[in-house]
>>> print(open('data_21.csv').read())   # CSV, N, CA and C atoms
chain,number,residue,atom,x,y,z
R,1,MET,N,0.8,-1.2,0.0
R,1,MET,CA,0.0,0.0,0.0
R,1,MET,C,0.9,1.2,0.0
R,2,VAL,N,0.3,2.3,-0.6
R,2,VAL,CA,1.0,3.6,-0.6
R,2,VAL,C,0.0,4.6,0.0
R,3,ARG,N,0.6,5.4,0.9
R,3,ARG,CA,-0.1,6.5,1.5
R,3,ARG,C,0.2,7.8,0.8
R,4,TYR,N,-0.8,8.7,0.6
R,4,TYR,CA,-0.5,9.9,-0.1
R,4,TYR,C,-1.2,11.1,0.7
R,5,ARG,N,-0.6,12.3,0.4
R,5,ARG,CA,-1.2,13.5,0.9
R,5,ARG,C,-1.2,14.6,-0.2
R,6,ILE,N,-2.2,15.4,-0.2
R,6,ILE,CA,-2.3,16.4,-1.2
R,6,ILE,C,-2.5,17.7,-0.4
R,7,TYR,N,-1.6,18.7,-0.7
R,7,TYR,CA,-1.7,20.0,0.0
R,7,TYR,C,-2.0,21.1,-1.0
R,8,ARG,N,-2.8,22.1,-0.6
R,8,ARG,CA,-3.1,23.3,-1.4
R,8,ARG,C,-2.7,24.5,-0.7
R,9,PHE,N,-2.1,25.5,-1.5
R,9,PHE,CA,-1.7,26.8,-0.9
R,9,PHE,C,-2.9,27.6,-0.7
R,10,THR,N,-3.1,28.1,0.5
R,10,THR,CA,-4.2,28.9,0.9
R,10,THR,C,-3.7,30.1,1.6
R,11,GLY,N,-3.6,31.2,0.9
R,11,GLY,CA,-3.2,32.5,1.6
R,11,GLY,C,-1.7,32.6,1.7
R,12,SER,N,-1.2,32.0,2.8
R,12,SER,CA,0.3,32.2,3.1
R,12,SER,C,0.9,30.8,3.4
R,13,ALA,N,0.2,29.7,3.4
R,13,ALA,CA,0.8,28.4,3.7
R,13,ALA,C,0.1,27.3,3.0
R,14,TYR,N,0.8,26.2,2.9
R,14,TYR,CA,0.1,25.0,2.3
R,14,TYR,C,-0.6,24.3,3.4
R,15,THR,N,-1.9,23.9,3.1
R,15,THR,CA,-2.7,23.1,4.1
R,15,THR,C,-3.1,21.8,3.5
R,16,LEU,N,-3.3,20.8,4.3
R,16,LEU,CA,-3.7,19.5,3.9
R,16,LEU,C,-5.1,19.6,3.3
R,17,TYR,N,-5.2,19.1,2.0
R,17,TYR,CA,-6.5,19.1,1.3
R,17,TYR,C,-7.1,17.8,1.3
R,18,SER,N,-6.3,16.7,1.1
R,18,SER,CA,-6.9,15.4,1.0
R,18,SER,C,-5.7,14.4,1.3
R,19,HIS,N,-6.1,13.2,1.8
R,19,HIS,CA,-5.2,12.2,2.1
R,19,HIS,C,-5.8,10.8,2.0
R,20,GLY,N,-5.1,9.8,1.9
R,20,GLY,CA,-5.6,8.4,1.8
R,20,GLY,C,-4.5,7.4,1.5
R,21,SER,N,-5.0,6.3,1.0
R,21,SER,CA,-4.0,5.2,0.6
R,21,SER,C,-4.6,4.5,-0.6
R,22,ARG,N,-3.7,3.8,-1.3
R,22,ARG,CA,-4.0,3.1,-2.5
R,22,ARG,C,-3.2,1.8,-2.4
R,23,ASN,N,-3.8,0.7,-3.0
R,23,ASN,CA,-3.1,-0.6,-3.1
R,23,ASN,C,-2.1,-0.4,-4.2
R,24,THR,N,-1.1,-1.3,-4.2
R,24,THR,CA,-0.1,-1.4,-5.2
R,24,THR,C,-0.4,-2.5,-6.1
R,25,ASP,N,0.2,-2.5,-7.3
R,25,ASP,CA,0.1,-3.6,-8.2
R,25,ASP,C,1.1,-4.7,-7.9
R,26,ALA,N,1.1,-5.8,-8.7
R,26,ALA,CA,2.0,-6.9,-8.4
R,26,ALA,C,3.5,-6.5,-8.4
R,27,ALA,N,3.8,-5.5,-9.1
R,27,ALA,CA,5.2,-5.0,-9.2
R,27,ALA,C,5.5,-4.0,-8.0
R,28,GLY,N,4.5,-3.8,-7.2
R,28,GLY,CA,4.7,-2.9,-6.0
R,28,GLY,C,4.6,-1.4,-6.4
R,29,VAL,N,4.0,-1.1,-7.5
R,29,VAL,CA,3.8,0.3,-7.9
R,29,VAL,C,2.4,0.8,-7.5
R,30,GLY,N,2.4,1.9,-6.9
R,30,GLY,CA,1.1,2.5,-6.5
R,30,GLY,C,0.8,3.7,-7.4
R,31,ARG,N,-0.4,3.9,-7.7
R,31,ARG,CA,-0.9,5.0,-8.6
R,31,ARG,C,-2.0,5.7,-8.0
R,32,LEU,N,-2.0,7.0,-8.2
R,32,LEU,CA,-3.1,7.9,-7.8
R,32,LEU,C,-3.5,8.8,-9.0
R,33,ALA,N,-4.7,8.7,-9.4
R,33,ALA,CA,-5.2,9.5,-10.5
R,33,ALA,C,-6.0,10.7,-9.8
R,34,TRP,N,-5.6,11.9,-10.0
R,34,TRP,CA,-6.2,13.0,-9.3
R,34,TRP,C,-6.5,14.1,-10.3
R,35,THR,N,-7.6,14.8,-10.3
R,35,THR,CA,-7.9,15.9,-11.1
R,35,THR,C,-8.0,17.1,-10.2
R,36,PHE,N,-7.2,18.1,-10.4
R,36,PHE,CA,-7.2,19.4,-9.7
R,36,PHE,C,-8.4,20.2,-10.2
R,37,LYS,N,-9.4,20.4,-9.5
R,37,LYS,CA,-10.6,21.1,-10.0
R,37,LYS,C,-10.6,22.6,-9.6
R,38,THR,N,-9.6,23.0,-8.8
R,38,THR,CA,-9.5,24.4,-8.3
R,38,THR,C,-8.1,25.0,-8.7
R,39,PRO,N,-8.1,26.1,-9.4
R,39,PRO,CA,-6.8,26.7,-9.7
R,39,PRO,C,-6.0,27.0,-8.4
R,40,GLY,N,-4.7,27.0,-8.6
R,40,GLY,CA,-3.8,27.4,-7.5
R,40,GLY,C,-2.6,26.6,-7.5
R,41,ARG,N,-1.9,26.6,-6.3
R,41,ARG,CA,-0.6,25.9,-6.1
R,41,ARG,C,-0.9,24.7,-5.2
R,42,TRP,N,-0.4,23.6,-5.7
R,42,TRP,CA,-0.6,22.3,-5.0
R,42,TRP,C,0.7,21.5,-4.9
R,43,TYR,N,0.8,20.6,-3.9
R,43,TYR,CA,1.8,19.6,-4.0
R,43,TYR,C,1.3,18.3,-3.5
R,44,VAL,N,2.0,17.2,-3.9
R,44,VAL,CA,1.6,15.8,-3.6
R,44,VAL,C,2.8,15.1,-3.0
R,45,MET,N,2.6,14.3,-2.0
R,45,MET,CA,3.7,13.5,-1.5
R,45,MET,C,3.2,12.1,-1.2
R,46,SER,N,4.0,11.1,-1.2
R,46,SER,CA,3.6,9.7,-0.9
R,46,SER,C,4.7,8.9,-0.2
R,47,MET,N,4.2,7.8,0.4
R,47,MET,CA,5.2,6.9,1.0
R,47,MET,C,4.6,5.5,1.0
R,48,ALA,N,5.5,4.5,1.0
R,48,ALA,CA,5.1,3.1,1.1
R,48,ALA,C,4.8,2.8,2.5
R,49,ILE,N,3.7,2.1,2.8
R,49,ILE,CA,3.3,1.7,4.1
R,49,ILE,C,3.9,0.4,4.5
R,50,ALA,N,4.3,0.3,5.7
R,50,ALA,CA,5.0,-0.9,6.2
R,50,ALA,C,4.2,-2.2,6.0
R,51,THR,N,4.8,-3.3,5.7
R,51,THR,CA,4.2,-4.6,5.6
R,51,THR,C,4.9,-5.5,6.6
R,52,PRO,N,4.4,-6.7,6.8
R,52,PRO,CA,5.1,-7.7,7.7
R,52,PRO,C,6.5,-8.0,7.2
R,53,ASP,N,6.8,-7.8,5.9
R,53,ASP,CA,8.2,-8.1,5.4
R,53,ASP,C,9.1,-6.9,5.3
R,54,ASN,N,8.5,-5.7,5.2
R,54,ASN,CA,9.3,-4.5,4.9
R,54,ASN,C,8.9,-3.3,5.8
R,55,ALA,N,9.8,-2.4,6.1
R,55,ALA,CA,9.5,-1.2,6.8
R,55,ALA,C,8.9,-0.2,5.9
R,56,SER,N,8.3,0.8,6.5
R,56,SER,CA,7.7,1.9,5.6
R,56,SER,C,8.9,2.7,5.0
R,57,SER,N,8.6,3.4,4.0
R,57,SER,CA,9.6,4.3,3.4
R,57,SER,C,9.4,5.7,4.0
R,58,SER,N,10.4,6.5,3.7
R,58,SER,CA,10.2,7.9,4.1
R,58,SER,C,9.3,8.6,3.0
R,59,TRP,N,8.8,9.8,3.3
R,59,TRP,CA,8.0,10.5,2.4
R,59,TRP,C,8.8,10.8,1.1
R,60,SER,N,8.1,10.8,0.0
R,60,SER,CA,8.7,11.1,-1.3
R,60,SER,C,9.1,12.6,-1.4
R,61,GLN,N,9.8,13.0,-2.4
R,61,GLN,CA,10.1,14.4,-2.7
R,61,GLN,C,8.7,15.0,-3.0
R,62,LEU,N,8.6,16.3,-2.8
R,62,LEU,CA,7.3,17.0,-3.1
R,62,LEU,C,7.2,17.1,-4.6
R,63,GLN,N,6.0,16.9,-5.1
R,63,GLN,CA,5.7,17.1,-6.5
R,63,GLN,C,4.8,18.3,-6.6
R,64,PHE,N,5.3,19.4,-7.1
R,64,PHE,CA,4.5,20.6,-7.2
R,64,PHE,C,3.7,20.7,-8.5
R,65,TYR,N,2.5,21.3,-8.4
R,65,TYR,CA,1.6,21.5,-9.5
R,65,TYR,C,1.0,22.9,-9.4
R,66,TYR,N,1.1,23.6,-10.6
R,66,TYR,CA,0.5,25.0,-10.6
R,66,TYR,C,-0.7,24.9,-11.6
R,67,VAL,N,-1.9,25.0,-11.1
R,67,VAL,CA,-3.1,24.8,-11.9
R,67,VAL,C,-3.7,26.2,-12.2
R,68,ARG,N,-4.0,26.4,-13.5
R,68,ARG,CA,-4.7,27.6,-13.9
R,68,ARG,C,-6.2,27.4,-14.2
>>> encode(input="data_21.csv", output="C-alpha cells")
Amino acid sequence: MVRYRIYRFTGSAYTLYSHGSRNTDAAGVGRLAWTFKTPGRWYVMSMAIATPDNASSSWSQLQFYYVR
C-alpha cells in the first residue's frame, strides 16, 4: 500500500487538502489519479506503508503543480 497527501496553498501556507491510501500492483507500484478542480498551487507526497516483510519508506520528494 501507498499513503498519499495532497496540499493546497491557501493564503500564506500549504494546508492538507486530501489524504488516503491506495493498493499497489504486483510490481509494487502505487498509482493515484487526481484531477485538480480548483486553480492554485498544490503539492503531492507519498510513502510506502510498512508490511510484515518491509519497513515503511520515508515521504517522497514533493511534486508541485500549478493549476490555472
>>> select_by_dssp(input="data_21.csv", residues="chain R", states="strand (DSSP E)", output="ChimeraX atom specification")
/R:2-10,13-22,40-48,63-67
>>> closest_residue(input="data_21.csv", among="R:Ala50, R:Met45, R:Val67, R:Ala33", to="Tyr7 (chain R)", atoms="only C-alpha atoms")
R:Met45
>>> atom_distance(input="data_21.csv", atom1="atom C of Leu32 (chain R)", atom2="atom N of Ser58 (chain R)")
19.0 Å
>>> closest_residue(input="data_21.csv", among="R:Trp34, R:Tyr43, R:Arg68, R:Ala26", to="Ala13 (chain R)", atoms="only C-alpha atoms")
R:Tyr43
>>> closest_residue(input="data_21.csv", among="R:Ala48, R:Ala27, R:Arg3, R:Trp42", to="Phe64 (chain R)", atoms="all atoms listed in the file")
R:Trp42
>>> closest_residue(input="data_21.csv", among="R:Val44, R:Met1, R:Thr51, R:Thr35", to="Tyr14 (chain R)", atoms="only C-alpha atoms")
R:Val44
>>> residues_near_point(input="data_21.csv", point="(-3.4, -1.6, 0.9)", cutoff="8 Å", atoms="all atoms listed in the file", output="ChimeraX atom specification")
/R:1-2,21-24
>>> atom_distance(input="data_21.csv", atom1="atom C of Tyr66 (chain R)", atom2="atom C of Val29 (chain R)")
24.6 Å
